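Take a look at the structure set out below.
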Amino acid sequence: MDTAPEHAHSGPPGPRDYTDVQHSAEFGELRRGYRSFVFPLTVGFIVWYLLYVLLSNYAGGFMGTEVVGNINVAFVFGLAQFLTTFLIAWWYSRFAAVKLDPKAEALKTRLEAENLQRATGAEIGHQATPRAEDKGELAGQEDDA
Amino acid sequence: MSLTQQLAAPATQLAAEGAGEHRTLIITLFSVFVAITLGVTVWAGRRTKDATDFYAGGRQFSGFQNGLAISGDYMSAASFLGIAGAIALSGYDGFLYSIGFLVAWLVALLLVAEPLRNSGRYTMGDVLAYRMRQRPVRTAAGVSTIIVSIFYLLAQMVGAGALVALLLGITGEAGKNLIVVFVGIVMILYVTVGGMKGTTWVQMIKACLLIGGTVVITVLVFHKFNYNLSALLGAAAENSGKGASFLEPGLKYGVSTTSRIDFLSLGIALVLGTAGLPHILIRFYTVPTAKAARKSVNWAIGIIGVFYLMTIALGFGAAALLSRKTITDSNAAGNTAAPLLAQEIGGGADSTGGAVLLAMISAVAFATILAVVAGLTLASSSSFAHDLYANVIRRGKATEKEEVKAARVSAVIIGGVAIGLGIFAGKLNVAGLVALAFAVAASANLPTLLYSLFWKRFTTTGALWSIYGGLVSSVVLVFFSPVVTGKETSMFPDADFAWFPLQNPGLISIPLGFLLGWIGSLVSKDEGAGGAKYAELEVRSMTGVGAH
């Protein structure tokens with residue numbers, strides 16, 4: 001895998017440089033959309049969970065207050081953790097399906113078309129590749145890189 | 001209520017003494033499960049042709065199938081029997097403990113599953129080393145993977161020996177050791193013959209059995225209390241002898257200032273550790289796309305969440321219907337509360353219903369153990385073969401065939417080591433090792449994974465500092481904690497060199513892991529920071545271009 005760049009200069013196409021894609025407006029928008037959703041949400045649910053742990057630890061009186069019958073605040077709080085976990089999972093998945101997937105899909109399709117073009121363009125050079133049994137090995141390494 | 005319970009108590013003695021005739025039924029169910037799963041393993045093994053089949057099950061599982069398998073991989077005997085037992089003895093605190101295991105899945109869903117599926121191939125090391133200097137980071141990832149998995153595996157193996165011996169009424173070290181050897185051999189067969197495909201099917205079957213068995217007991221418990229949760233809780237509180245405090249936090253984790261901080265430390269490690277457990281991470285490679293990985297985590301959250309909700313019925317049901325003495329006489333930690341409850345709710349020890357339900361739940365517990373240890377063995381042998389053997393020792397020059405062969409050989413070796421350690425540690429209290437596995441995953445693996453995926457300036461040095469720093473600090477802190485020495489419940493109760501007061505190192509080691517990764521990156525200027533490789537990783541992880 002370390003050696004992948006070594007044969008970049010010979011027949012097979014070298015690794016594609018994705019820096020231009022990384023800096024493109026299209027990708028920037030996808031990344032911003034993703035990060036601005038999941039980072040605050042992650043902080044949010046961790047704080048919400050820690051609040052629950054800390055209240056359980058240090059606010060026994062409050063947590064022991066009965067709500068209905070033998071069901072107390074602590075129990076409701078615990079069930080609320082289940083509920084919020086389910087809701088956050090659902091919310092993120094919906095957000096990702098609506099806002100992220102189409103953008104990621106479009107970018108992927110475009111990049112794959114470009115990569116295919118590069119690969120077929122370099123095919124003539126690729127013919128010079130050594131014996132057949134080495135081929136799989138080389139391909140495996142590039143794959144991995 | 002408590003009076004009828006006391007009268008019923010003699011009838012609820014577990015297999016340990018009385019149920020010799022039930023033993024046949026339990027052994028039959030165990031054998032049926034092992035025969036069916038080995039059959040499936042052979043079938044899957046015939047369909048395992050190349051490395052992708054062996055490591056990633058051919059990436060052909062659906063989101064739902066993988067969600068089931070993730071649940072089967074994740075819900076260990078510790079969650080099933082441990083949490084039910086913790087609730088049965090400590091009431092609310094057992095429930096409190098279970099919640100961290102569920103909330104943790106949001107970290108996996110939001111930050112890890114999809115980028116990992118897009119950028120990696122077979123192991124956690126694929127992603128950690130992606131933009132870094134290969135050999136040192138691969139080595140670190142492999143070491144961390146194997147250590148986390150072995151700790152986890154050891155706890156499961158020792159637990160398996162004790163538990164199955166108890167359920168079968170076997171006493172004596174030789175019997176326990178025989179069970180450890182048997183579990184080890186079956187797990188090695190699953191992994192070497194069936195690879196990821198076989199292991200996945202075993203985990204799916206186990207998840208169905210576990211959910212099915214738990215649903216039956218839950219419905220029976222609720223039926224007994226006219227489907228009234230408040231009545232169930234009230235009966236549990238009364239019968240526990242602890243009154244209202246049984247339904248409030250504090251019985252287990254609130255006894256001292258140290259135990260409170262300890263629980264906070266545990267909670268953080270649970271929430272952040274799950275998304276860094278290698279045997280969980282490699283499951284995301286078994287589906288065709290990142291979207292399917294997302295779907296599988298959603299299914300897993302649903303299945304695991306419903307399961308933990310049902311442990312409320314199991315735990316409080318056991319507290320309500322069994323006397324405390326019955327539970328602790330059978331197992332001091334309450335690990336047999338769920339099987340005892342099954343026996344009681346089926347009609348008691350002398351009834352056919354009781355015998356059938358006890359046998360069913362025991363078989364489910366056995367299936368649970370086997371599926372989890374198989375997942376752990378697969379994760380560590382995959383990492384050994386792909387990270388250490390193929391990419392470090394052979395420098396990426398090993399053929400696919402050699403790599404898979406190395407994985408199979410290392411599964412046998414790791415399985416053998418686990419059997420040996422399991423027998424050696426048979427008398428030790430190794431329950432703390434599961435918490436240690438989560439702490440290492442949260443302190444070493446998660447920081448490196450998140451920095452790799454999301455932080456431009458992260459470097460090879462930073463990656464090495466966070467992996468080794470998180471790993472060493474958690475292990476050292478636990479070594480000098482009451483988990484290992486200084487207490488009656490310690491691994492070595494006769495020695496005492498504990499100076500670290502907490503059983504869970506996460507509170508210190510997790511921030512340290514993150515901090516070291518950050519400082520290591522700031523003081524170095526080597527491979528990894530920015531550049532083409534990071535651009536490639538970032539674009540690939542977000543879009544799936546070039547994904548395997």
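Chains: A, B, ... in order of the structure tokens. Residues: from 1 per chain. Ligands: from 1, in order shown.
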Legend entry - Exercise answer, chain A residues close to chain B, 8 Å and only C-alpha atoms, as a PyMOL selection string: chain A and resi 1-2+17-19+21-22+27+31+38+42+49-50+53-54+56-57+60+63-64+68-72+74-75+78+81-82+85-86+88-90+92-93+104-105+107-109+111-112+137+141+144-145
Legend entry - Who sits within 10 Å of Val191 of chain B, only C-alpha atoms, same chain under 6 positions skipped, as a PyMOL selection string: chain B and resi 41+45+54-55+197-200+373-379+381+407-408+411-412+415
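The space between atom CA of Val478 of chain B and atom CA of Ala435 of chain B spans 9.8 Å.
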Legend entry - Long-range neighbours of Ser79 of chain B as a ChimeraX atom specification, 9 Å cut-off, only C-alpha atoms, 2 positions minimum in chain: /B:74-77,81-84,98,101,308,311
Inset, instruction - Could you please determine the separation between atom CA of Leu30 of chain A and atom CA of Val98 of chain A in Å, to one decimal place? - result: 12.0 Å
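The two atoms in question, atom CA of Gly125 of chain B and atom CA of Thr274 of chain B, are spaced 16.3 Å apart.
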Inset, instruction - Compile the contact shell of Gly486 of chain B as a count of residues only: residues with an atom at most 8 Å away, counting only C-alpha atoms, same-chain residues fewer than 6 positions apart removed. - result: 7
Nearby residues (only C-alpha atoms) at most 12 Å from Gly39 of chain B, same-chain spacing under 6 positions excluded, as a PDB file with N, CA and C atoms, in the first residue's frame:
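Once everything was written out, this is part26.pdb:
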```pdb
ATOM      1  N   SER B  31     -27.635 -28.320  22.148  1.00  0.00           N
ATOM      2  CA  SER B  31     -27.105 -29.112  21.039  1.00  0.00           C
ATOM      3  C   SER B  31     -27.792 -28.758  19.733  1.00  0.00           C
ATOM      4  N   VAL B  32     -29.123 -28.558  19.803  1.00  0.00           N
ATOM      5  CA  VAL B  32     -29.850 -28.188  18.589  1.00  0.00           C
ATOM      6  C   VAL B  32     -29.314 -26.864  18.054  1.00  0.00           C
ATOM      7  N   PHE B  33     -29.117 -25.901  18.967  1.00  0.00           N
ATOM      8  CA  PHE B  33     -28.607 -24.597  18.525  1.00  0.00           C
ATOM      9  C   PHE B  33     -27.227 -24.746  17.891  1.00  0.00           C
ATOM     10  N   GLY B  45     -19.664 -21.141   4.674  1.00  0.00           N
ATOM     11  CA  GLY B  45     -18.261 -21.354   4.326  1.00  0.00           C
ATOM     12  C   GLY B  45     -18.095 -21.743   2.873  1.00  0.00           C
ATOM     13  N   ARG B  46     -19.056 -22.541   2.354  1.00  0.00           N
ATOM     14  CA  ARG B  46     -18.992 -22.938   0.940  1.00  0.00           C
ATOM     15  C   ARG B  46     -19.168 -21.732   0.044  1.00  0.00           C
ATOM     16  N   VAL B 186     -16.269 -24.174  19.367  1.00  0.00           N
ATOM     17  CA  VAL B 186     -17.392 -23.811  18.493  1.00  0.00           C
ATOM     18  C   VAL B 186     -17.155 -22.434  17.875  1.00  0.00           C
ATOM     19  N   LEU B 189     -14.689 -22.607  15.115  1.00  0.00           N
ATOM     20  CA  LEU B 189     -15.302 -23.200  13.919  1.00  0.00           C
ATOM     21  C   LEU B 189     -16.153 -22.172  13.171  1.00  0.00           C
ATOM     22  N   TYR B 190     -16.993 -21.422  13.909  1.00  0.00           N
ATOM     23  CA  TYR B 190     -17.806 -20.384  13.254  1.00  0.00           C
ATOM     24  C   TYR B 190     -16.925 -19.475  12.404  1.00  0.00           C
ATOM     25  N   VAL B 193     -14.448 -21.467   9.577  1.00  0.00           N
ATOM     26  CA  VAL B 193     -15.199 -22.101   8.488  1.00  0.00           C
ATOM     27  C   VAL B 193     -16.128 -21.088   7.806  1.00  0.00           C
ATOM     28  N   GLY B 194     -16.852 -20.347   8.607  1.00  0.00           N
ATOM     29  CA  GLY B 194     -17.895 -19.494   8.034  1.00  0.00           C
ATOM     30  C   GLY B 194     -17.478 -18.062   7.774  1.00  0.00           C
ATOM     31  N   GLY B 198     -20.738 -16.666   7.951  1.00  0.00           N
ATOM     32  CA  GLY B 198     -21.208 -17.601   8.970  1.00  0.00           C
ATOM     33  C   GLY B 198     -21.491 -16.886  10.277  1.00  0.00           C
ATOM     34  N   THR B 199     -20.539 -16.027  10.704  1.00  0.00           N
ATOM     35  CA  THR B 199     -20.695 -15.301  11.960  1.00  0.00           C
ATOM     36  C   THR B 199     -21.950 -14.428  11.929  1.00  0.00           C
ATOM     37  N   TRP B 201     -24.721 -14.866  10.196  1.00  0.00           N
ATOM     38  CA  TRP B 201     -25.934 -15.677  10.328  1.00  0.00           C
ATOM     39  C   TRP B 201     -26.120 -16.156  11.758  1.00  0.00           C
ATOM     40  N   VAL B 202     -25.030 -16.549  12.410  1.00  0.00           N
ATOM     41  CA  VAL B 202     -25.137 -16.975  13.813  1.00  0.00           C
ATOM     42  C   VAL B 202     -25.679 -15.817  14.657  1.00  0.00           C
TER      43      VAL B 202
END
```
Inset, instruction - Just list the residues in segment 369-531 of chain B DSSP gives helix (DSSP H, G or I) on the backbone, as a ChimeraX atom specification. - result: /B:369-393,400-424,432-454,460-479,506-522,531
